[in-house]
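The file upload_0.txt contains compact mmCIF, C-alpha atoms:
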```txt
# COMPACT_ATOMS: atom_id res chain seq x y z
CA MET A 1 10.18 10.00 -21.54
CA PHE A 2 6.62 10.16 -22.75
CA ARG A 3 6.52 7.11 -25.01
CA PHE A 4 3.19 6.07 -23.49
CA ALA A 5 1.55 9.29 -24.66
CA THR A 6 2.91 8.98 -28.20
CA ARG A 7 2.85 5.23 -28.72
CA TYR A 8 -0.82 4.95 -27.83
CA GLY A 9 -2.00 8.26 -29.27
CA SER A 10 -4.52 6.61 -31.56
CA ASN A 11 -6.68 5.10 -28.82
CA GLY A 12 -7.65 8.32 -27.06
CA LEU A 13 -5.45 7.95 -23.98
CA SER A 14 -2.88 10.49 -25.16
CA LEU A 15 -5.63 12.97 -25.96
CA TRP A 16 -7.12 12.56 -22.51
CA LEU A 17 -3.81 13.48 -20.85
CA ARG A 18 -4.00 16.93 -22.41
CA GLN A 19 -7.54 17.69 -21.29
CA SER A 20 -8.00 20.39 -18.66
CA ASN A 21 -10.61 18.66 -16.49
CA CYS A 22 -9.81 18.79 -12.77
CA ARG A 23 -10.97 17.12 -9.60
CA HIS A 24 -13.47 19.39 -7.87
CA GLY A 25 -12.37 21.16 -4.72
CA LEU A 26 -8.65 20.43 -4.98
CA ASN A 27 -6.73 22.83 -2.74
CA ALA A 28 -3.04 23.42 -2.20
CA ARG A 29 -1.52 20.92 0.23
CA THR A 30 0.78 21.87 3.06
CA ILE A 31 3.80 19.61 2.94
CA LEU A 32 4.20 18.15 6.37
CA HIS A 33 7.43 16.34 7.09
CA ALA A 34 7.43 13.46 9.54
CA ARG A 35 9.41 14.30 12.64
CA ARG A 36 10.66 11.79 15.13
CA ILE A 37 9.68 12.03 18.77
CA SER A 38 10.69 9.85 21.68
CA GLY A 39 8.32 7.37 23.23
CA HIS A 40 9.09 7.41 26.95
CA SER A 41 6.06 9.25 28.30
CA PHE A 42 2.97 7.70 26.81
CA GLY A 43 0.52 8.45 29.59
CA PRO A 44 -2.04 5.91 30.85
CA PRO A 45 -2.46 2.60 28.97
CA THR A 46 -4.76 2.71 25.96
CA ASP A 47 -7.64 0.26 25.56
CA VAL A 48 -5.50 -1.80 23.17
CA GLU A 49 -2.65 -1.88 25.68
CA LYS A 50 -4.99 -3.19 28.35
CA ILE A 51 -5.93 -6.03 26.01
CA MET A 52 -2.25 -6.68 25.33
CA LEU A 53 -1.48 -6.83 29.05
CA ASP A 54 -4.32 -9.29 29.64
CA SER A 55 -3.07 -11.44 26.77
CA VAL A 56 0.47 -11.54 28.13
CA LYS A 57 -0.80 -12.53 31.56
CA ALA A 58 -2.79 -15.37 30.03
CA THR A 59 -0.42 -16.79 27.41
CA GLY A 60 2.90 -14.91 27.55
CA PRO A 61 4.56 -12.41 25.20
CA ILE A 62 2.63 -11.57 22.03
CA SER A 63 3.78 -11.53 18.42
CA PHE A 64 4.16 -8.39 16.34
CA SER A 65 1.41 -9.77 14.12
CA THR A 66 -1.01 -9.81 17.05
CA PHE A 67 0.17 -6.35 18.08
CA MET A 68 -0.59 -4.94 14.63
CA GLN A 69 -3.97 -6.67 14.41
CA LEU A 70 -5.03 -5.24 17.77
CA SER A 71 -3.59 -1.77 17.14
CA LEU A 72 -5.13 -1.32 13.69
CA GLY A 73 -8.07 -3.66 13.39
CA HIS A 74 -9.60 -4.32 16.82
CA PRO A 75 -13.38 -4.03 16.24
CA THR A 76 -13.87 -1.19 18.73
CA HIS A 77 -10.43 0.07 19.75
CA GLY A 78 -8.40 -0.33 16.54
CA TYR A 79 -6.93 2.72 14.83
CA TYR A 80 -8.86 2.25 11.58
CA MET A 81 -12.10 1.42 13.37
CA LYS A 82 -12.53 4.63 15.36
CA PRO A 83 -14.72 7.33 13.77
CA GLU A 84 -12.79 10.10 15.52
CA HIS A 85 -9.58 9.29 13.64
CA ALA A 86 -9.17 11.47 10.55
CA VAL A 87 -6.46 9.03 9.38
CA PHE A 88 -5.78 10.62 5.95
CA GLY A 89 -5.02 14.13 4.76
CA THR A 90 -3.63 17.22 6.45
CA GLN A 91 -5.83 16.65 9.49
CA GLY A 92 -4.94 12.96 9.76
CA ASP A 93 -1.77 11.09 10.60
CA PHE A 94 -0.38 10.85 7.06
CA ILE A 95 -0.97 12.01 3.47
CA THR A 96 -1.11 9.52 0.59
CA SER A 97 -0.37 10.06 -3.10
CA PRO A 98 -4.06 10.28 -4.17
CA GLU A 99 -4.61 12.99 -1.55
CA ILE A 100 -1.69 15.02 -2.93
CA SER A 101 -2.84 15.22 -6.53
CA GLN A 102 -5.60 13.94 -8.80
CA MET A 103 -2.90 13.06 -11.34
CA PHE A 104 -1.87 9.95 -9.41
CA GLY A 105 -5.28 8.29 -9.69
CA GLU A 106 -5.72 9.44 -13.27
CA LEU A 107 -2.49 7.84 -14.46
CA VAL A 108 -3.24 4.64 -12.55
CA ALA A 109 -6.58 4.57 -14.37
CA LEU A 110 -4.91 5.03 -17.75
CA TRP A 111 -2.58 2.10 -17.08
CA MET A 112 -5.48 -0.18 -16.14
CA ILE A 113 -7.52 0.88 -19.15
CA LYS A 114 -4.54 0.20 -21.42
CA GLN A 115 -4.32 -3.38 -20.11
CA TRP A 116 -8.04 -3.89 -20.75
CA MET A 117 -7.79 -2.46 -24.26
CA ASP A 118 -4.88 -4.75 -25.07
CA THR A 119 -6.89 -7.77 -23.92
CA ASP A 120 -10.41 -7.34 -25.31
CA VAL A 121 -12.01 -3.93 -25.68
CA LYS A 122 -15.41 -5.55 -26.21
CA MET A 123 -15.37 -7.22 -22.80
CA SER A 124 -16.98 -5.57 -19.78
CA PHE A 125 -14.77 -4.90 -16.79
CA ARG A 126 -14.89 -4.35 -13.04
CA VAL A 127 -12.58 -2.41 -10.73
CA VAL A 128 -11.30 -3.76 -7.41
CA GLU A 129 -9.47 -1.70 -4.78
CA LEU A 130 -7.82 -3.09 -1.67
CA GLY A 131 -7.83 -0.59 1.21
CA PRO A 132 -9.67 2.31 -0.51
CA GLY A 133 -9.08 4.89 2.22
CA ARG A 134 -11.52 7.77 1.84
CA GLY A 135 -12.34 6.78 -1.74
CA THR A 136 -10.19 9.49 -3.32
CA LEU A 137 -8.20 7.19 -5.61
CA MET A 138 -11.32 5.35 -6.81
CA ASP A 139 -13.10 8.65 -7.41
CA ASP A 140 -10.28 9.81 -9.68
CA VAL A 141 -10.24 6.45 -11.50
CA LEU A 142 -14.00 6.61 -12.11
CA ARG A 143 -13.76 10.15 -13.48
CA VAL A 144 -11.27 8.98 -16.11
CA LEU A 145 -13.40 5.96 -17.02
CA LYS A 146 -16.39 8.24 -17.51
CA GLN A 147 -14.50 10.54 -19.86
CA LEU A 148 -12.91 7.92 -22.13
CA PRO A 149 -15.30 6.89 -24.94
CA ALA A 150 -13.92 3.36 -25.21
CA ALA A 151 -14.74 2.65 -21.57
CA ARG A 152 -18.25 4.06 -21.45
CA GLY A 153 -20.89 1.48 -20.65
CA LYS A 154 -18.30 -1.24 -20.03
CA LEU A 155 -17.94 -0.82 -16.25
CA LYS A 156 -19.94 -3.56 -14.55
CA SER A 157 -19.15 -3.12 -10.85
CA ILE A 158 -16.83 -1.70 -8.20
CA HIS A 159 -15.48 -3.90 -5.41
CA LEU A 160 -13.93 -2.31 -2.31
CA VAL A 161 -12.09 -4.46 0.24
CA GLU A 162 -12.62 -2.55 3.49
CA SER A 163 -13.35 -3.89 6.97
CA SER A 164 -13.93 -0.56 8.75
CA ALA A 165 -17.54 0.63 8.93
CA THR A 166 -16.26 4.19 9.41
CA MET A 167 -14.18 4.08 6.23
CA ARG A 168 -17.00 2.41 4.29
CA ALA A 169 -19.29 5.30 5.14
CA LEU A 170 -16.70 7.81 3.86
CA GLN A 171 -16.24 5.81 0.66
CA GLU A 172 -19.97 5.51 0.06
CA GLY A 173 -20.41 9.26 0.41
CA LYS A 174 -17.53 9.95 -1.94
CA LEU A 175 -18.57 7.52 -4.69
CA ARG A 176 -22.38 7.60 -4.51
CA LYS A 177 -22.82 10.19 -7.26
CA ALA A 178 -20.51 8.39 -9.70
CA SER A 179 -22.35 5.13 -9.04
CA GLN A 180 -25.73 6.68 -9.73
CA GLU A 181 -24.58 8.45 -12.88
CA GLY A 182 -22.74 5.43 -14.23
CA ASN A 183 -25.42 2.92 -13.28
CA PHE A 184 -22.98 0.44 -11.73
CA GLN A 185 -23.00 -1.27 -8.37
CA ILE A 186 -20.54 -0.72 -5.53
CA MET A 187 -19.92 -3.70 -3.28
CA TRP A 188 -17.91 -3.88 -0.08
CA HIS A 189 -15.99 -6.93 1.15
CA ASP A 190 -14.15 -7.75 4.36
CA GLY A 191 -11.50 -9.66 2.40
CA ILE A 192 -10.37 -10.34 -1.14
CA GLU A 193 -11.46 -13.95 -0.82
CA GLU A 194 -15.09 -12.76 -0.81
CA ILE A 195 -14.77 -11.50 -4.40
CA GLU A 196 -15.76 -14.22 -6.83
CA PRO A 197 -13.61 -14.74 -9.94
CA GLU A 198 -15.59 -14.01 -13.12
CA GLU A 199 -14.78 -15.74 -16.39
CA ASP A 200 -16.40 -13.20 -18.72
CA VAL A 201 -15.27 -9.96 -17.04
CA PHE A 202 -11.88 -8.25 -17.09
CA THR A 203 -10.69 -7.39 -13.56
CA MET A 204 -8.77 -4.16 -12.89
CA LEU A 205 -7.25 -4.14 -9.40
CA VAL A 206 -5.28 -1.55 -7.47
CA ALA A 207 -3.76 -1.79 -4.00
CA HIS A 208 -2.27 1.50 -2.85
CA GLU A 209 -0.65 1.58 0.61
CA PHE A 210 -2.51 -1.59 1.50
CA PHE A 211 0.22 -4.17 2.08
CA ASP A 212 2.24 -1.91 4.40
CA ALA A 213 -0.49 -2.14 7.06
CA LEU A 214 -0.87 -5.93 6.98
CA PRO A 215 0.43 -7.77 10.07
CA VAL A 216 3.99 -9.08 10.06
CA ASN A 217 5.84 -11.51 12.29
CA VAL A 218 9.41 -10.66 13.20
CA ILE A 219 11.77 -13.64 13.23
CA GLU A 220 15.47 -13.97 13.99
CA ARG A 221 17.91 -16.61 12.79
CA THR A 222 19.60 -18.44 15.68
CA GLN A 223 21.64 -21.60 16.06
CA GLN A 224 18.33 -23.40 16.69
CA GLY A 225 16.61 -22.15 13.55
CA TRP A 226 14.18 -19.23 13.30
CA ASN A 227 13.09 -17.88 16.69
CA GLU A 228 10.36 -15.25 17.01
CA VAL A 229 10.82 -11.68 18.26
CA LEU A 230 7.92 -11.03 20.63
CA ILE A 231 6.57 -8.16 22.73
CA ALA A 232 6.47 -8.19 26.54
CA PRO A 233 5.92 -5.66 29.34
CA SER A 234 9.21 -4.01 30.29
CA SER A 235 8.56 -4.25 34.02
CA ASP A 236 7.27 -7.84 34.29
CA PRO A 237 9.90 -9.87 36.24
CA SER A 238 8.26 -13.14 35.19
CA ILE A 239 9.34 -12.59 31.57
CA ARG A 240 12.80 -14.14 31.36
CA TYR A 241 13.23 -14.25 27.59
CA THR A 242 16.46 -12.99 26.07
CA ILE A 243 16.77 -9.67 24.26
CA PRO A 244 17.06 -9.96 20.44
CA SER A 245 20.41 -9.29 18.80
CA SER A 246 21.02 -5.56 18.51
CA ASP A 247 22.94 -6.12 15.26
CA SER A 248 20.46 -8.46 13.63
CA ASP A 249 19.45 -6.05 10.88
CA GLN A 250 22.91 -4.83 9.92
CA ASN A 251 22.67 -6.41 6.46
CA LEU A 252 19.05 -5.36 5.90
CA ASP A 253 19.43 -1.59 5.91
CA THR A 254 16.27 0.46 6.31
CA PRO A 255 15.39 4.15 6.62
CA PRO A 256 16.33 5.65 10.01
CA THR A 257 13.88 4.62 12.71
CA LEU A 258 13.64 5.02 16.46
CA HIS A 259 15.16 2.29 18.59
CA HIS A 260 13.98 3.61 21.94
CA THR A 261 12.36 1.04 24.20
CA SER A 262 9.22 2.44 25.76
CA SER A 263 8.74 2.50 29.49
CA ARG A 264 5.96 -0.07 29.06
CA TRP A 265 6.98 -2.56 26.34
CA THR A 266 10.13 -4.24 25.09
CA ARG A 267 11.18 -6.80 22.49
CA VAL A 268 12.11 -10.30 23.64
CA LEU A 269 13.22 -13.43 21.79
CA SER A 270 11.37 -16.72 22.11
CA PRO A 271 13.60 -19.33 23.83
CA THR A 272 12.98 -21.81 21.00
CA PRO A 273 11.60 -21.62 17.46
CA THR A 274 7.82 -21.25 17.38
CA ALA A 275 5.50 -22.94 14.88
CA SER A 276 4.87 -19.64 13.08
CA SER A 277 8.53 -18.57 13.00
CA THR A 278 9.58 -21.94 11.61
CA LEU A 279 6.97 -21.84 8.84
CA LEU A 280 7.71 -18.21 7.96
CA GLY A 281 11.42 -18.97 7.79
CA LEU A 282 10.53 -21.38 4.98
CA ALA A 283 8.32 -18.85 3.16
CA SER A 284 11.00 -17.94 0.60
CA PRO A 285 14.13 -19.66 -0.69
CA ARG A 286 15.84 -16.29 -0.20
CA PHE A 287 15.70 -16.88 3.55
CA PHE A 288 17.48 -20.25 3.55
CA SER A 289 21.04 -18.91 3.43
CA LEU A 290 20.66 -15.93 5.76
CA PRO A 291 23.26 -16.02 8.55
CA VAL A 292 22.69 -16.40 12.28
CA GLY A 293 21.72 -13.05 13.81
CA THR A 294 19.65 -11.93 10.82
CA ARG A 295 16.22 -10.52 11.66
CA ILE A 296 13.45 -10.25 9.06
CA GLU A 297 9.82 -9.16 8.93
CA VAL A 298 7.56 -11.67 7.17
CA SER A 299 3.84 -11.23 6.49
CA ARG A 300 1.70 -14.33 6.03
CA ALA A 301 -1.27 -12.00 5.43
CA SER A 302 0.56 -10.34 2.52
CA MET A 303 1.27 -13.72 0.97
CA ASN A 304 -2.42 -14.66 1.19
CA GLN A 305 -3.55 -11.34 -0.28
CA ALA A 306 -1.07 -11.64 -3.15
CA ARG A 307 -2.42 -15.09 -4.00
CA GLY A 308 -5.92 -13.63 -3.86
CA ILE A 309 -4.91 -11.07 -6.48
CA GLY A 310 -3.50 -13.82 -8.66
CA LYS A 311 -6.70 -15.85 -8.47
CA LEU A 312 -8.84 -12.89 -9.56
CA ILE A 313 -6.64 -12.24 -12.59
CA ASN A 314 -6.00 -15.87 -13.55
CA THR A 315 -9.37 -16.37 -15.26
CA LYS A 316 -10.67 -16.57 -18.81
CA GLY A 317 -11.63 -12.90 -18.60
CA GLY A 318 -8.13 -11.95 -17.48
CA GLY A 319 -7.16 -8.84 -15.61
CA SER A 320 -4.38 -6.59 -14.35
CA ALA A 321 -3.22 -5.30 -10.99
CA LEU A 322 -1.07 -2.49 -9.65
CA VAL A 323 0.46 -2.61 -6.17
CA VAL A 324 1.89 0.72 -4.99
CA ASP A 325 3.63 0.89 -1.64
CA TYR A 326 6.90 1.74 0.07
CA GLY A 327 9.39 -1.09 0.21
CA ALA A 328 11.76 -2.91 -2.10
CA ASP A 329 12.42 -6.20 -3.85
CA ARG A 330 13.82 -7.74 -0.65
CA ALA A 331 13.11 -8.46 2.99
CA PHE A 332 13.52 -5.89 5.76
CA GLY A 333 14.79 -6.37 9.28
CA ASP A 334 13.58 -3.36 11.26
CA SER A 335 11.18 -1.21 9.26
CA LEU A 336 8.18 -1.24 11.61
CA ARG A 337 7.19 2.28 12.67
CA ALA A 338 4.19 4.24 13.91
CA PHE A 339 2.75 7.54 12.68
CA LYS A 340 0.77 10.10 14.62
CA LYS A 341 -0.07 13.60 13.37
CA HIS A 342 2.50 13.36 10.56
CA LYS A 343 5.29 12.36 12.95
CA ILE A 344 7.13 9.07 13.23
CA VAL A 345 6.74 7.96 16.84
CA ASP A 346 7.95 5.00 18.89
CA ILE A 347 6.37 1.76 17.66
CA PHE A 348 4.82 1.22 21.10
CA CYS A 349 3.45 4.74 21.42
CA SER A 350 -0.28 4.63 22.29
CA PRO A 351 -1.34 1.40 20.51
CA GLY A 352 -4.71 1.93 18.86
CA GLU A 353 -4.09 5.67 18.54
CA CYS A 354 -1.34 5.52 15.88
CA ASP A 355 -0.97 4.06 12.42
CA VAL A 356 1.51 1.16 12.32
CA THR A 357 3.24 0.29 9.05
CA THR A 358 6.13 -1.71 7.66
CA ASN A 359 8.08 -1.80 4.41
CA VAL A 360 6.76 -4.23 1.80
CA ASP A 361 8.85 -7.17 0.58
CA PHE A 362 7.82 -7.06 -3.09
CA ALA A 363 9.85 -10.17 -3.84
CA LEU A 364 7.63 -12.12 -1.44
CA LEU A 365 4.50 -10.83 -3.17
CA LYS A 366 5.84 -11.95 -6.54
CA GLU A 367 6.81 -15.36 -5.22
CA SER A 368 3.33 -15.79 -3.74
CA MET A 369 1.52 -15.28 -7.06
CA ALA A 370 4.18 -16.47 -9.52
CA ASP A 371 2.29 -19.63 -10.52
CA LEU A 372 -0.89 -17.66 -11.25
CA VAL A 373 0.12 -14.46 -13.06
CA SER A 374 2.99 -12.68 -14.71
CA THR A 375 4.57 -10.00 -12.51
CA HIS A 376 6.52 -6.94 -13.62
CA GLY A 377 8.72 -4.67 -11.54
CA PRO A 378 8.76 -3.21 -9.04
CA ILE A 379 9.87 0.11 -10.46
CA SER A 380 9.93 3.46 -8.71
CA GLN A 381 6.80 5.60 -8.56
CA ARG A 382 8.84 8.34 -10.23
CA ASN A 383 9.60 6.17 -13.26
CA PHE A 384 6.05 4.85 -13.49
CA LEU A 385 4.34 8.25 -13.37
CA THR A 386 6.90 9.88 -15.67
CA CYS A 387 6.46 7.20 -18.32
CA MET A 388 2.69 7.47 -17.98
CA GLY A 389 2.85 11.17 -18.82
CA ILE A 390 2.58 13.09 -15.55
CA GLU A 391 4.40 16.11 -16.97
CA ILE A 392 2.04 16.27 -19.95
CA ARG A 393 -0.95 15.98 -17.64
CA ALA A 394 0.39 18.60 -15.22
CA ALA A 395 1.00 21.05 -18.06
CA ALA A 396 -2.60 20.63 -19.27
CA LEU A 397 -3.98 21.28 -15.79
CA VAL A 398 -1.71 24.31 -15.32
CA ARG A 399 -2.95 25.84 -18.57
CA SER A 400 -6.54 25.67 -17.38
CA ALA A 401 -5.83 26.78 -13.79
CA SER A 402 -7.80 29.85 -12.74
CA SER A 403 -5.18 31.34 -10.42
CA LEU A 404 -1.47 31.39 -9.72
CA GLU A 405 -2.14 29.61 -6.43
CA ARG A 406 -3.89 26.79 -8.27
CA LYS A 407 -1.06 26.52 -10.80
CA LYS A 408 1.49 26.26 -8.02
CA ALA A 409 -0.57 23.59 -6.25
CA ILE A 410 -0.64 21.49 -9.43
CA GLU A 411 3.10 21.85 -10.00
CA ASP A 412 3.92 21.15 -6.34
CA GLY A 413 1.72 18.06 -6.35
CA ALA A 414 3.36 16.62 -9.46
CA ASN A 415 6.85 17.39 -8.16
CA ARG A 416 6.15 15.76 -4.82
CA LEU A 417 4.83 12.57 -6.44
CA ILE A 418 8.02 12.11 -8.47
CA ASP A 419 10.53 13.65 -6.04
CA PRO A 420 13.68 11.47 -6.27
CA CYS A 421 14.50 12.32 -2.65
CA GLY A 422 11.01 11.44 -1.39
CA MET A 423 7.91 9.71 -2.68
CA GLY A 424 9.29 9.26 -6.18
CA GLU A 425 11.85 6.70 -5.04
CA GLN A 426 10.45 5.55 -1.71
CA TYR A 427 7.28 4.20 -3.32
CA LYS A 428 7.49 1.24 -5.69
CA VAL A 429 5.03 0.01 -8.30
CA LEU A 430 4.46 -3.67 -9.07
CA GLY A 431 2.38 -4.79 -12.04
CA ALA A 432 0.62 -8.13 -12.52
CA VAL A 433 -1.20 -9.41 -15.59
CA ALA A 434 -2.48 -12.70 -16.93
CA LYS A 435 0.23 -15.11 -18.08
CA GLY A 436 1.19 -14.97 -21.73
CA ARG A 437 0.85 -11.20 -22.12
CA GLY A 438 4.55 -10.59 -22.80
CA GLU A 439 6.16 -7.22 -22.07
CA ILE A 440 4.03 -4.70 -20.18
CA TRP A 441 4.36 -0.94 -20.46
CA PRO A 442 6.15 0.79 -18.79
CA PHE A 443 7.88 -1.94 -16.77
CA ALA A 444 9.79 -3.49 -19.68
CA VAL A 445 11.16 -0.13 -20.81
CA ILE A 446 12.35 0.82 -17.32
CA GLN A 447 14.00 -2.55 -16.77
CA ASP A 448 15.68 -2.46 -20.19
CA SER A 449 17.03 1.02 -19.44
CA ALA A 450 18.32 -0.15 -16.07
CA GLN A 451 20.13 -3.11 -17.64
CA GLN A 452 21.71 -0.89 -20.29
CA SER A 453 23.06 1.45 -17.60
CA ILE A 454 24.80 -1.34 -15.66
```

Could I get this structure in the form of C-alpha cells?
Amino acid sequence: MFRFATRYGSNGLSLWLRQSNCRHGLNARTILHARRISGHSFGPPTDVEKIMLDSVKATGPISFSTFMQLSLGHPTHGYYMKPEHAVFGTQGDFITSPEISQMFGELVALWMIKQWMDTDVKMSFRVVELGPGRGTLMDDVLRVLKQLPAARGKLKSIHLVESSATMRALQEGKLRKASQEGNFQIMWHDGIEEIEPEEDVFTMLVAHEFFDALPVNVIERTQQGWNEVLIAPSSDPSIRYTIPSSDSDQNLDTPPTLHHTSSRWTRVLSPTPTASSTLLGLASPRFFSLPVGTRIEVSRASMNQARGIGKLINTKGGGSALVVDYGADRAFGDSLRAFKKHKIVDIFCSPGECDVTTNVDFALLKESMADLVSTHGPISQRNFLTCMGIEIRAAALVRSASSLERKKAIEDGANRLIDPCGMGEQYKVLGAVAKGRGEIWPFAVIQDSAQQSI
C-alpha cells in the first residue's frame, strides 16, 4: 500500500511524509452535498442570456461550446470573471480537493519532485499550473518544495495559466510571500501556448479541475454523419430544427443529471452536419464505429491544451504532468451540468451565474499528446493518493494536532479525498512524462494489480 514511502525512503521523500508541518489556518470543512433543483423559474434573463438571444437572432442556434465560453469566460459577464463570485470553498459554488485538505497538494508535489529526481537532480525546474483557482494547490506545492533539501535553490519560476483578473489577484495575494522568500518569479499567462519550452529546465505541470471547464461541442450520429446539438430559445417559432434523440446516450452512461428543459432554452439538432461536428466526429478513431443515435461531447479546446502539455514536456530538459479531473477513459454523451451554491442545477439556469462543467474524456487527452509524451493511467484519485502515502501523512498530522477538532478535520479530509463512493473514484489521475522513461510510479503498479485481478 505504501510502497512509495518505503521504496524511496533514501531520498528524503518518505521522511517528509512523517513530518508534522501543517498548512496555516486550516479549519474543519462542512461537507456539502450537491442537491438537484429544477430549472423552470429562472427569473429575468441574465446578461449572458441577452447576448445569447442576440446571437440566435443574428445567426441561429448556438453551439454548446459558445454557450460555455459565454457563461464562463465572457470578459465582463462570465462566471469566472466576476469579482463577486466566491467560486471555490464553502462560500462558493463547489469545493475542490486542495480546499479540502493540504495533503492533496503535498502528495502531488512529492510525485512531481520524484519525476524530477529520476531525471536529473542537478537541473533547475519550473512549475506550471493550468487553472490555479485561488492558489491553494500551488501554495501547498511550494511549501513542500521549500522543505525538501534536494529541491532548495532549484526552483526557477512559477507559471500560472489564468485568464481572469479576479482570480489572478487572489493567486498573487496567496503566493506573494512564498515568491519573495524563495526568490523566484511568478508569471501569468492567458494560455499554455504563451509558455515557452525551455531546453535546460525540467517542467513540472499540474492541471486540477481544469479540463472539465473547457468548452465542448455536442454531436449526434445520424444517417447523414455527425450533426450538431445546438441551443435555441424554447419559444421562438422560427426555429424549426428537430429535437435530438432522447435515447442517444443510452450506451454512454453518466452520473444522474437533470433532463428538464428550461422555460427559456431547449436543445435542437442541426438539419445537416456542420463543419465543426464533422471535424470533431473524426477526432478519434473510437468514434468511427459508433452507431446512429449516439451522442458525444467532444472538446477541441481540450485537445489543444493536451498538445500544449506535450510540447512543454517534450524538450531536452524533460518534464512531467499530472491531470486530475472527473471523467473516465472514454467519451460521454450527456455529462454537462451546472453548479450553484453546491447544488447541481439545470444546465440553462442563469448562464453567467453558475459554474458549467463536463466529464473529461481522458482517452482523447492521451490521443492528443501520444506522439509527444508517454502517458500513464488514468487511475482513481483513491489509488493515486493511497500509493503516495496519504495515510502515513494523515497520521503524522494527527499526531501533531493541537485539538480533537483538528484531528477530526485531518481524518475527515483524508477520508473524503479517497472515499470510494465519492471523490476517491469519481476523480481520475493521468500522468505524462517524456518518452523513454519506462514505468512510472504509481501508475504501473495500479495497472499491474488491475490486470492480475481480471

Nearest to Asn359 of chain A among A:Arg382, A:Arg330, A:His342, A:Lys154, with distances taken over only C-alpha atoms: which residue is it?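 Under the stated criterion, the closest residue is A:Arg330.
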
Just how far from atom CA of Thr274 of chain A is atom CA of Leu70 of chain A, in Å to one decimal? 20.5 Å

Pick from A:Gly153, A:Lys316, A:Pro442, A:Lys407: nearest to Thr386 of chain A, with only C-alpha atoms counted? A:Pro442

Calculate how many Å separate atom CA of Gly319 of chain A from atom CA of Val433 of chain A, rounding to one decimal.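 These two atoms are separated by 6.0 Å.
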
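Contact shell of Met369 of chain A at 7 Å (all atoms listed in the file; same-chain neighbours under 3 positions omitted): Ala306, Arg307, Gly310, Leu365, Lys366, Leu372 and Val373 of chain A.
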
Preceding selection exported with C-alpha atoms as a PDB file, in the frame of the given file:
```
ATOM      1  CA  ALA A 306      -1.070 -11.640  -3.150  1.00  0.00           C
ATOM      2  CA  ARG A 307      -2.420 -15.090  -4.000  1.00  0.00           C
ATOM      3  CA  GLY A 310      -3.500 -13.820  -8.660  1.00  0.00           C
ATOM      4  CA  LEU A 365       4.500 -10.830  -3.170  1.00  0.00           C
ATOM      5  CA  LYS A 366       5.840 -11.950  -6.540  1.00  0.00           C
ATOM      6  CA  LEU A 372      -0.890 -17.660 -11.250  1.00  0.00           C
ATOM      7  CA  VAL A 373       0.120 -14.460 -13.060  1.00  0.00           C
TER       8      VAL A 373
END
```

So which one's closest to Gly413 of chain A, A:Asp355, A:Glu391, A:Glu181, A:Asp236? Using only C-alpha atoms, please. A:Glu391

What separation in Å, quoted to one decimal, exists between atom CA of Gln102 of chain A and atom CA of Leu137 of chain A?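 Separation between atom CA of Gln102 of chain A and atom CA of Leu137 of chain A: 7.9 Å.
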
Using all atoms listed in the file, the residue out of A:Val398, A:Leu107, A:Ala58, A:Leu430 with shortest distance to Asp325 of chain A is A:Leu430

Would you mind telling me which residue in A:Leu282, A:Val161, A:Val292, A:Val48 lies nearest to Thr222 of chain A when using all atoms listed in the file?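 The shortest atom-to-atom distance to Thr222 of chain A comes from A:Val292.
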